[in-house]
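Novice: Okay, here's the structure, questions in a sec.
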Amino acid sequence: KQEVTQIPAALSVPEGENLVLNCSFTDSAIYNLQWFRQDPGKGLTSLLLIQSSQREQTSGRLNASLDKSSGRSTLYIAASQPGDSATYLCAASQPGGGGADGLTFGKGTHLIIQP
Amino acid sequence: EADIYQTPRYLVIGTGKKITLECSQTMGHDKMYWYQQDPGMELHLIHYSYGVNSTEKGDLSSESTVSRIRTEHFPLTLESARPSHTSQYLCASRGPPTYGYTFGSGTRLTVV
C-alpha cells in the first residue's frame, strides 16, 4: 500500500527566503504526483502535476521535481511571500490506490512566511 | 475559475436532520470522489464513482451515502446528521489516469 510522507510537518521562515518542501513515497508505480495548496478551512488548489515520466514542472516561483527511483519529490518555492502561507500537500496517484486508482495524500507541510 | 462546484459552502444543522451536500463538475470527468477532512487533519476518501450508476465506499467508513445519476453530479447524503459528522467535506473529479485531480471549495458541516 502506498505511503506518502512529508517533511517537515511545519516550517516558518522570513519573507524572501527560498525554501524546499519534501515528499517521499514508498511505491514508485505511480501515474503522477500532484502538489496542492490548502488555505485554512478551504478546498485544495492544484499547484503542479508531474507525470511519472517527467523530472520536473515549473509554474512561476514554484518548481517541483520528481525522482521515481528514489521515491522522492520536492517543491521549491523561490522568494517566498506572506501570501505563500498555507498547508502544502503532495499526493501520489497510482493504480490500486485509494479509490482503486485514487490519490494517496501526505499529511502536509504547514508553511508560515513571516513578513 | 472553478470547474467543480460544491454547495453549500457552510452548513449548520441540528441533530437528526437529513442533509445533502451537492457537488457538480463541468469537465465531463467520469471519476468523482468525496473526501472528509477534520480540522488540521488528513484527508480521508469516503466515496468514489467511476461513472453513472457506479458508487463505491472509500478507505474511511462513513454513514453517508452517494449517488451518481448524471455524469456531472455526485451528491452526498446524510440521512440523520449527528455531531460526529461535523467536518469538512471535499469533492474532487478527474479525467484519464494521467490527468490531475480538481477539487471543489468544500462544504464545512457543523451538526449541533
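Here, A, B, ... name the chains of the C-alpha cells in the order displayed, residue numbers run from 1 inside each chain, and ligands are numbered from 1 in the same displayed order.
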Mind listing as an MDAnalysis selection string which residues of chain B are within 8 Å of chain A, counting only C-alpha atoms?

Specialist: chainID B and resid 39 41:43 45 47:48 56:59 88 90 97:98 100:106 108

Novice: Could you pull the residues within 8 Å of A:Leu11, counting only C-alpha atoms, minus those fewer than 3 positions along the same chain, as a PyMOL selection string?

Specialist: chain A and resi 8+109-112

Novice: How would the residues just picked look written out with N, CA and C atoms as an mmCIF file, in the first residue's frame?

Specialist:
```
data_model
loop_
_atom_site.group_PDB
_atom_site.id
_atom_site.type_symbol
_atom_site.label_atom_id
_atom_site.label_comp_id
_atom_site.auth_asym_id
_atom_site.auth_seq_id
_atom_site.Cartn_x
_atom_site.Cartn_y
_atom_site.Cartn_z
ATOM 1 N N PRO A 8 9.317 19.057 6.213
ATOM 2 C CA PRO A 8 8.901 18.982 7.609
ATOM 3 C C PRO A 8 7.392 19.078 7.756
ATOM 4 N N THR A 109 2.690 19.941 4.810
ATOM 5 C CA THR A 109 3.639 20.823 5.481
ATOM 6 C C THR A 109 2.937 22.157 5.702
ATOM 7 N N HIS A 110 2.838 22.555 6.966
ATOM 8 C CA HIS A 110 2.207 23.833 7.308
ATOM 9 C C HIS A 110 3.278 24.915 7.235
ATOM 10 N N LEU A 111 3.147 25.801 6.267
ATOM 11 C CA LEU A 111 4.156 26.817 5.991
ATOM 12 C C LEU A 111 3.689 28.194 6.444
ATOM 13 N N ILE A 112 4.555 28.870 7.190
ATOM 14 C CA ILE A 112 4.294 30.254 7.591
ATOM 15 C C ILE A 112 5.451 31.106 7.097
#
```

Novice: Give me, please, the distance in Å between atom CA of B:Val111 and atom CA of B:Gln37, quoted to one decimal.

Specialist: 14.9 Å

Novice: Just give me the gap between atom CA of A:Glu3 and atom CA of A:Asp39 in Å, one decimal is fine.

Specialist: 23.4 Å

Novice: Between atom CA of B:Thr26 and atom CA of B:Val12, what is the distance, to one decimal in Å?

Specialist: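 Computing the Euclidean distance for atom CA of B:Thr26 and atom CA of B:Val12 yields 27.3 Å.
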
Novice: Quick one: everything within 7 Å of B:Lys31, counting only C-alpha atoms, minus sequence neighbours fewer than 4 positions away in the same chain. Send it as number ranges by chain.

Specialist: B: 49-51, 93-95

Novice: Among chain B, which residues does DSSP mark as strand (DSSP E) when it is run on the backbone? Keep the chain and numbering as in the structure and answer as a PyMOL selection string.

Specialist: chain B and resi 4-7+10-13+19-25+31-37+43-51+54-57+65-66+76-78+87-94+101-103+107-111

Novice: Which residues come within 10 Å of B:Arg68, counting only C-alpha atoms, excluding same-chain residues fewer than 4 positions away, as a list in words?

Specialist: Met32, Tyr48, Ser49, Tyr50, Gly51, Val52, Asn53, Ser54, Thr55, Glu72, His73, Phe74, Pro75 and Leu76 of chain B

Novice: Dump C-alpha atoms for the selected residues as an mmCIF file, in the first residue's frame?

Specialist:
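Dumped everything to out.cif:
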```cif
data_model
loop_
_atom_site.group_PDB
_atom_site.id
_atom_site.type_symbol
_atom_site.label_atom_id
_atom_site.label_comp_id
_atom_site.auth_asym_id
_atom_site.auth_seq_id
_atom_site.Cartn_x
_atom_site.Cartn_y
_atom_site.Cartn_z
ATOM 1 C CA MET B 32 -15.529 11.647 -8.860
ATOM 2 C CA TYR B 48 -15.892 7.389 -5.177
ATOM 3 C CA SER B 49 -17.542 6.786 -8.516
ATOM 4 C CA TYR B 50 -16.243 5.626 -11.889
ATOM 5 C CA GLY B 51 -19.247 6.924 -13.772
ATOM 6 C CA VAL B 52 -23.023 6.933 -13.964
ATOM 7 C CA ASN B 53 -24.614 4.335 -11.668
ATOM 8 C CA SER B 54 -21.221 3.463 -10.161
ATOM 9 C CA THR B 55 -20.527 4.154 -6.480
ATOM 10 C CA GLU B 72 -21.738 15.895 -13.728
ATOM 11 C CA HIS B 73 -23.494 15.419 -10.389
ATOM 12 C CA PHE B 74 -22.302 13.467 -7.307
ATOM 13 C CA PRO B 75 -24.339 14.382 -4.217
ATOM 14 C CA LEU B 76 -23.597 13.095 -0.710
#
```
